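Below: the structure, in structure tokens.
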Amino acid sequence: MNWIAFKMLTGDRMKYIGIIFGITFASLLIAQQMSIFVGLMRNTISQIRDIEGAEIWVMDPNMQFVDDVKPLNDDDLYRVRGVEGVAWAVKLYKNIARARFDDGNFQQCIILGLDDDTMVGAPREILVGSLADLRKPDAVIMDEAGFKYLWPNEPLGVGKTFEMNDRRAVIVGICKASQTFQTFPILYTRYSQATLFVPRERKVMSFVLAQNDPNVPAHEVCDRIRAQTGLAAHTRDDFAWKTINYYLSRTGIPVNFGITVALGFIVGSAIAGQTFYLFTIENLKQFGSLKAMGVSNTRLVGMILLQAMVVGTIGYGLGIGLAALFGEVAQRSSHTLAFFMPWHVPMLTAIAVLAIITLASLISIRRVLVLEPAMVFRG
Amino acid sequence: MSTAIMTMPATAQAPPLATHSAISCRGVTKEFVAGDTRVRALDGIDLELPAGELALLVGPSGCGKTTLISIVAGLLEPTRGEVSVLGTNLTRISGGQKVDFRGKNIGFVFQQYNLLPALTAAENVAVPLIIARHPRHQAVARARNLLEQVGLADRTESLPTQLSGGQQQRVAIARALIHEPRLLVCDEPTAALDAHAGQTVMELIRKVAVQPDRAVIVVTHDSRVYGFGDRIVSMTDGKIDKIEIQNGKSR
Ligand SMILES: Nc1ncnc2c1ncn2[C@@H]1O[C@H](COP(=O)(O)OP(=O)(O)O)[C@@H](O)[C@H]1O
Ligand SMILES: [Mg+2]
């Protein structure tokens, strides 16, 4: 019977392709939108992910997310260092600087000032130049995407200069960095240098990066820092989730993507459900003949479910494949597109497709179950 | 023959079902309810048909022929009355048992052939065996043999759309016979065909379908095929008005 069901399904090429197209479209839309959403959320925490080497982030207690910098007093660093269980602590500067180029153009950049002595948080992968050159006067290391954005047709290279806060800056290296939410170029520099690239403010230190003693859990140390200094202290993971939760609860992003995903689901269900239902309706006479010839309702339901499974699986596979391809191509051709597909995306898409084909087959099954076998003798 | 059925109580007025007949109807009435109106399609049909012969069911359009064979084939429930087919009282078995009964014992030929368009001729013929859970390759091989017998040896791999109406009906006849059913039911098998193709189809039914232990009913209002019947059952307005036996005797 399965063989007959399969033949019935594939016998009419156009309809077969139509149903698969509906499911492909739905899963593509759902998977692609979810991946962009996940990618965007991931971009909001890219600086937390990129700054490695310190397990604990200490900040102003009113800070809500990683870009919401509220500067600390310089002596907060020493207070953190004084907490028991803190192995070491260094300062980190993070701000937005305005870069002015020779041609008079401006560009906002994320500037990260690393502790002069230890360089904790330095980029992992230097593509051109060297980290050591960061010790030279006015030196900055720019991220690859930023360089390509500013000088699209030039090969990666050191030596370019521009001005920030009327100070000369010279690129001594190009590094890899994760895409950020704002997609501004990222500049790594020394802490002392960074503070010169933005207009002077009363308080400058953005974060204290700290490491727990190996025998004290990071959470425990965070609690102690909080209790003793009144500052906020989070592990990297907690800070990342705090940032994501901020974007989830305080911005329209999840709602917008939720709507698109829901639309994908509805439009996909409509197309796939409709075509599949129409397919069943047009085949009612065939189902009726089979019923007359002694095929039980159970077996007919099995046939429809098999047909639904086949189109569902193929459509889903094509949709996920196309979504992944879309992500690949879009990321290669532009560094600004947020796209990340963790395993949750295919899984959730599979659940959505399962729901669509279940819906589609249920209404079809209903029609076949109530089918009068005597209809086979009517025109 | 089963004595169990004979001991079962029948409806009040009707005499017991004659279980020696292949088909036995007692007081079969069928009413359709369409909105406020009730249509009485069959009105107290009593009918005995033996195995081993071809019965023609004739009469004007709308007189209830299709309704009667639908009930006899276990596709439709009568409103009143009892039907026994091949010793099984169809009015006393469950829906599921009826499905199995049809699959095992009845072959169908329809006016519009009702072949599955995605299957080849041989695959279509194999369907009843596949329904009976025979292995596919074995079923299709048997189907090819049977197609030879109906004169379609060279069309076994054709799709229905590649065949003429007469050829499609021959495929349908092969399909109806492949599982060796004991009752063959044909509704207007020649109505969609030209005279010559209709003639061929009726000859084929006579030649391959009529067997000593098989009952064959052909519904038709095509007077040109009357000569093929051993027995002609005439209906008007939901009633049987005449049964002729073709060697001249009339009842
Ligand atoms: N499913 C149905 N619902 C309502 N009326 C029906 C139905 N089937 C048949 N009838 C009516 O029953 C009568 C007999 O129909 P049918 O058995 O198809 O006649 P025939 O096959 O002799 O042309 C007709 O009046 C027809 O309209
Ligand atoms: Mg009819």
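Just remember, in the structure tokens the first chain shown is A, the second B, etc., residues are 1-based per chain, and ligands are 1-based in the order shown.
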Hey, list the chain A side of the contact with chain B: 9 Å cut-off, only C-alpha atoms, answer as a list of chain:residue names.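 Result, ordered by chain then number: A:Met1, A:Trp3, A:Ile4, A:Lys7, A:Met8, A:Leu9, A:Thr10, A:Gly11, A:Asp12, A:Lys285, A:Gln286, A:Ser289, A:Leu290, A:Lys291, A:Ala292, A:Met293, A:Gly294, A:Val295, A:Ser296, A:Asn297, A:Glu372, A:Pro373, A:Ala374, A:Met375, A:Val376, A:Phe377, A:Arg378, A:Gly379.
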Counting only C-alpha atoms and all ligand atoms, which residues of chain B sit at most 7 Å from some atom of ligand 1, and what is each one's closest atom pair with its distance in Å to one decimal, listed by chain and rising residue number, as CSV?
residue,atom,partner,partner_atom_place_in_ligand_line,distance
B:Phe32,CA,ligand 1,4 (C),4.7
B:Val33,CA,ligand 1,4 (C),6.2
B:Ala34,CA,ligand 1,4 (C),5.7
B:Val39,CA,ligand 1,5 (N),6.0
B:Arg40,CA,ligand 1,12 (O),6.6
B:Ala41,CA,ligand 1,12 (O),4.1
B:Gly59,CA,ligand 1,22 (O),6.6
B:Pro60,CA,ligand 1,22 (O),6.2
B:Ser61,CA,ligand 1,23 (O),3.7
B:Gly62,CA,ligand 1,19 (O),3.4
B:Cys63,CA,ligand 1,22 (O),4.0
B:Gly64,CA,ligand 1,17 (O),3.3
B:Lys65,CA,ligand 1,22 (O),3.8
B:Thr66,CA,ligand 1,21 (O),3.6
B:Thr67,CA,ligand 1,17 (O),3.7
B:Leu68,CA,ligand 1,17 (O),6.5
### Query
DSSP on the backbone: what in region 49-183 of chain B comes out helix (DSSP H, G or I), as a PyMOL selection string?
chain B and resi 65-72+90-92+95-105+121-131+136-149+153-155+160-162+165-177
Exercise: region 276-281 of chain A partners within 9 Å, only C-alpha atoms, chain neighbours under 6 positions left out, as a ChimeraX atom specification: /A:9,15-16,18-19,287,304,308,357,360-361,363-365,367-368
N, CA and C atoms of the current selection, written as an mmCIF file, in the first residue's frame:
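The file below, out_37.cif, is the result:
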data_model
loop_
_atom_site.group_PDB
_atom_site.id
_atom_site.type_symbol
_atom_site.label_atom_id
_atom_site.label_comp_id
_atom_site.auth_asym_id
_atom_site.auth_seq_id
_atom_site.Cartn_x
_atom_site.Cartn_y
_atom_site.Cartn_z
ATOM 1 N N LEU A 9 1.446 9.861 -5.080
ATOM 2 C CA LEU A 9 1.999 11.170 -4.722
ATOM 3 C C LEU A 9 2.893 11.716 -5.831
ATOM 4 N N LYS A 15 1.825 18.737 -9.064
ATOM 5 C CA LYS A 15 1.234 18.861 -7.725
ATOM 6 C C LYS A 15 2.251 18.467 -6.665
ATOM 7 N N TYR A 16 2.985 17.418 -6.969
ATOM 8 C CA TYR A 16 4.019 16.943 -6.049
ATOM 9 C C TYR A 16 5.012 18.071 -5.753
ATOM 10 N N GLY A 18 4.497 21.221 -6.212
ATOM 11 C CA GLY A 18 3.771 22.302 -5.541
ATOM 12 C C GLY A 18 3.719 22.117 -4.032
ATOM 13 N N ILE A 19 3.400 20.905 -3.600
ATOM 14 C CA ILE A 19 3.306 20.652 -2.157
ATOM 15 C C ILE A 19 4.688 20.811 -1.528
ATOM 16 N N PHE A 287 -9.018 7.154 -3.865
ATOM 17 C CA PHE A 287 -9.141 6.606 -2.510
ATOM 18 C C PHE A 287 -10.447 5.822 -2.387
ATOM 19 N N ILE A 304 -2.068 8.326 3.583
ATOM 20 C CA ILE A 304 -2.020 9.796 3.593
ATOM 21 C C ILE A 304 -0.874 10.268 4.483
ATOM 22 N N ALA A 308 2.242 12.537 3.434
ATOM 23 C CA ALA A 308 2.574 13.779 4.146
ATOM 24 C C ALA A 308 4.015 13.737 4.649
ATOM 25 N N ILE A 357 2.327 19.621 8.438
ATOM 26 C CA ILE A 357 1.858 18.455 7.685
ATOM 27 C C ILE A 357 0.815 17.670 8.486
ATOM 28 N N ALA A 360 -2.299 19.531 7.739
ATOM 29 C CA ALA A 360 -2.716 19.293 6.359
ATOM 30 C C ALA A 360 -3.274 17.885 6.216
ATOM 31 N N SER A 361 -2.616 16.904 6.843
ATOM 32 C CA SER A 361 -3.108 15.542 6.639
ATOM 33 C C SER A 361 -4.381 15.293 7.444
ATOM 34 N N ILE A 363 -6.963 17.289 7.939
ATOM 35 C CA ILE A 363 -8.169 17.672 7.194
ATOM 36 C C ILE A 363 -8.364 16.748 5.990
ATOM 37 N N SER A 364 -7.245 16.308 5.395
ATOM 38 C CA SER A 364 -7.366 15.370 4.280
ATOM 39 C C SER A 364 -7.916 14.032 4.761
ATOM 40 N N ILE A 365 -7.399 13.562 5.891
ATOM 41 C CA ILE A 365 -7.829 12.264 6.434
ATOM 42 C C ILE A 365 -9.325 12.291 6.728
ATOM 43 N N ARG A 367 -11.604 13.912 5.233
ATOM 44 C CA ARG A 367 -12.375 13.762 3.997
ATOM 45 C C ARG A 367 -12.388 12.306 3.516
ATOM 46 N N VAL A 368 -11.262 11.634 3.670
ATOM 47 C CA VAL A 368 -11.177 10.259 3.170
ATOM 48 C C VAL A 368 -11.963 9.315 4.083
#
With DSSP run on the backbone, what are the strand (DSSP E) residues within region 100-203 of chain A? I'd like them as a ChimeraX atom specification. /A:100,106-114,126-129,139-143,161-164,167-175,186-190
Considering only C-alpha atoms, return as a ChimeraX atom specification whatever protein or nucleic-acid residues lie within 8 Å of Glu53 (chain B), sequence-local ones (same chain, fewer than 2 positions apart) excluded.
/B:50-51,55,210-212,214-216,229-231
Using all heavy atoms, can you write the selected residues to a file as a PDB file, in the first residue's frame?
ATOM      1  N   PRO B  50     -27.913 -17.198  -9.013  1.00  0.00           N
ATOM      2  CA  PRO B  50     -26.993 -18.313  -8.794  1.00  0.00           C
ATOM      3  C   PRO B  50     -25.591 -17.986  -9.299  1.00  0.00           C
ATOM      4  O   PRO B  50     -25.409 -17.039 -10.069  1.00  0.00           O
ATOM      5  CB  PRO B  50     -27.615 -19.422  -9.655  1.00  0.00           C
ATOM      6  CG  PRO B  50     -28.277 -18.691 -10.772  1.00  0.00           C
ATOM      7  CD  PRO B  50     -28.737 -17.366 -10.218  1.00  0.00           C
ATOM      8  N   ALA B  51     -24.609 -18.759  -8.866  1.00  0.00           N
ATOM      9  CA  ALA B  51     -23.259 -18.636  -9.412  1.00  0.00           C
ATOM     10  C   ALA B  51     -23.222 -19.307 -10.777  1.00  0.00           C
ATOM     11  O   ALA B  51     -24.156 -20.016 -11.159  1.00  0.00           O
ATOM     12  CB  ALA B  51     -22.249 -19.293  -8.474  1.00  0.00           C
ATOM     13  N   ALA B  55     -25.620 -12.298 -14.999  1.00  0.00           N
ATOM     14  CA  ALA B  55     -26.919 -11.643 -14.869  1.00  0.00           C
ATOM     15  C   ALA B  55     -26.801 -10.197 -15.323  1.00  0.00           C
ATOM     16  O   ALA B  55     -25.864  -9.504 -14.935  1.00  0.00           O
ATOM     17  CB  ALA B  55     -27.390 -11.705 -13.421  1.00  0.00           C
ATOM     18  N   VAL B 210     -17.021 -15.441 -16.422  1.00  0.00           N
ATOM     19  CA  VAL B 210     -18.054 -16.389 -16.012  1.00  0.00           C
ATOM     20  C   VAL B 210     -17.423 -17.753 -15.726  1.00  0.00           C
ATOM     21  O   VAL B 210     -16.803 -18.361 -16.591  1.00  0.00           O
ATOM     22  CB  VAL B 210     -19.164 -16.494 -17.090  1.00  0.00           C
ATOM     23  CG1 VAL B 210     -20.224 -17.493 -16.656  1.00  0.00           C
ATOM     24  CG2 VAL B 210     -19.789 -15.126 -17.333  1.00  0.00           C
ATOM     25  N   GLN B 211     -17.535 -18.185 -14.491  1.00  0.00           N
ATOM     26  CA  GLN B 211     -16.939 -19.442 -14.016  1.00  0.00           C
ATOM     27  C   GLN B 211     -17.999 -20.155 -13.188  1.00  0.00           C
ATOM     28  O   GLN B 211     -18.891 -19.505 -12.644  1.00  0.00           O
ATOM     29  CB  GLN B 211     -15.745 -19.148 -13.096  1.00  0.00           C
ATOM     30  CG  GLN B 211     -14.685 -18.254 -13.687  1.00  0.00           C
ATOM     31  CD  GLN B 211     -13.600 -19.054 -14.381  1.00  0.00           C
ATOM     32  OE1 GLN B 211     -13.256 -20.141 -13.955  1.00  0.00           O
ATOM     33  NE2 GLN B 211     -13.085 -18.498 -15.464  1.00  0.00           N
ATOM     34  N   PRO B 212     -17.878 -21.463 -13.037  1.00  0.00           N
ATOM     35  CA  PRO B 212     -18.937 -22.198 -12.326  1.00  0.00           C
ATOM     36  C   PRO B 212     -19.217 -21.669 -10.916  1.00  0.00           C
ATOM     37  O   PRO B 212     -20.364 -21.642 -10.493  1.00  0.00           O
ATOM     38  CB  PRO B 212     -18.385 -23.625 -12.268  1.00  0.00           C
ATOM     39  CG  PRO B 212     -17.412 -23.714 -13.389  1.00  0.00           C
ATOM     40  CD  PRO B 212     -16.858 -22.347 -13.601  1.00  0.00           C
ATOM     41  N   ARG B 214     -18.598 -18.596  -9.746  1.00  0.00           N
ATOM     42  CA  ARG B 214     -18.571 -17.137  -9.646  1.00  0.00           C
ATOM     43  C   ARG B 214     -19.864 -16.534 -10.183  1.00  0.00           C
ATOM     44  O   ARG B 214     -20.325 -16.923 -11.255  1.00  0.00           O
ATOM     45  CB  ARG B 214     -17.385 -16.580 -10.428  1.00  0.00           C
ATOM     46  CG  ARG B 214     -17.317 -15.049 -10.418  1.00  0.00           C
ATOM     47  CD  ARG B 214     -16.207 -14.507 -11.292  1.00  0.00           C
ATOM     48  NE  ARG B 214     -14.895 -14.859 -10.754  1.00  0.00           N
ATOM     49  CZ  ARG B 214     -13.822 -15.068 -11.511  1.00  0.00           C
ATOM     50  NH1 ARG B 214     -13.913 -14.983 -12.821  1.00  0.00           N
ATOM     51  NH2 ARG B 214     -12.679 -15.381 -10.957  1.00  0.00           N
ATOM     52  N   ALA B 215     -20.428 -15.597  -9.428  1.00  0.00           N
ATOM     53  CA  ALA B 215     -21.601 -14.865  -9.918  1.00  0.00           C
ATOM     54  C   ALA B 215     -21.139 -13.565 -10.553  1.00  0.00           C
ATOM     55  O   ALA B 215     -20.210 -12.940 -10.066  1.00  0.00           O
ATOM     56  CB  ALA B 215     -22.551 -14.571  -8.762  1.00  0.00           C
ATOM     57  N   VAL B 216     -21.779 -13.223 -11.669  1.00  0.00           N
ATOM     58  CA  VAL B 216     -21.403 -11.990 -12.367  1.00  0.00           C
ATOM     59  C   VAL B 216     -22.664 -11.159 -12.573  1.00  0.00           C
ATOM     60  O   VAL B 216     -23.656 -11.655 -13.098  1.00  0.00           O
ATOM     61  CB  VAL B 216     -20.750 -12.304 -13.733  1.00  0.00           C
ATOM     62  CG1 VAL B 216     -20.384 -11.016 -14.452  1.00  0.00           C
ATOM     63  CG2 VAL B 216     -19.524 -13.201 -13.566  1.00  0.00           C
ATOM     64  N   GLY B 229     -26.341 -11.848 -21.615  1.00  0.00           N
ATOM     65  CA  GLY B 229     -26.785 -12.281 -20.287  1.00  0.00           C
ATOM     66  C   GLY B 229     -27.427 -13.645 -20.307  1.00  0.00           C
ATOM     67  O   GLY B 229     -28.106 -14.021 -21.261  1.00  0.00           O
ATOM     68  N   ASP B 230     -27.217 -14.419 -19.222  1.00  0.00           N
ATOM     69  CA  ASP B 230     -27.954 -15.662 -19.045  1.00  0.00           C
ATOM     70  C   ASP B 230     -29.319 -15.346 -18.458  1.00  0.00           C
ATOM     71  O   ASP B 230     -30.265 -16.105 -18.588  1.00  0.00           O
ATOM     72  CB  ASP B 230     -27.217 -16.584 -18.069  1.00  0.00           C
ATOM     73  CG  ASP B 230     -25.858 -16.983 -18.615  1.00  0.00           C
ATOM     74  OD1 ASP B 230     -25.797 -17.443 -19.766  1.00  0.00           O
ATOM     75  OD2 ASP B 230     -24.853 -16.792 -17.891  1.00  0.00           O
ATOM     76  N   ARG B 231     -29.383 -14.225 -17.773  1.00  0.00           N
ATOM     77  CA  ARG B 231     -30.588 -13.862 -17.043  1.00  0.00           C
ATOM     78  C   ARG B 231     -30.674 -12.343 -17.100  1.00  0.00           C
ATOM     79  O   ARG B 231     -29.655 -11.674 -16.917  1.00  0.00           O
ATOM     80  CB  ARG B 231     -30.389 -14.323 -15.599  1.00  0.00           C
ATOM     81  CG  ARG B 231     -31.592 -14.295 -14.714  1.00  0.00           C
ATOM     82  CD  ARG B 231     -31.189 -14.805 -13.334  1.00  0.00           C
ATOM     83  NE  ARG B 231     -30.860 -16.226 -13.354  1.00  0.00           N
ATOM     84  CZ  ARG B 231     -31.567 -17.171 -12.714  1.00  0.00           C
ATOM     85  NH1 ARG B 231     -32.606 -16.833 -11.988  1.00  0.00           N
ATOM     86  NH2 ARG B 231     -31.208 -18.420 -12.772  1.00  0.00           N
TER      87      ARG B 231
END
Exercise. Interatomic distance between CA of Leu231 (chain A) and CA of Asp74 (chain A)?
Worked result: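 Separating CA of Leu231 (chain A) from CA of Asp74 (chain A) is a distance of 12.9 Å.
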Next on the checklist: Using only C-alpha atoms, which protein or nucleic acid residues come within 10 Å of region 161-175 of chain B? Drop anything in the same chain fewer than 3 positions from it, and give the result as a PyMOL selection string.
Outcome noted: chain B and resi 107-115+117-118+120-129+143-152+155-158+178-180+184+186+189-190+192-194+196-202+204-205+208-209
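The space between CA of Met14 (chain A) and CA of Leu322 (chain A) spans 20.7 Å.
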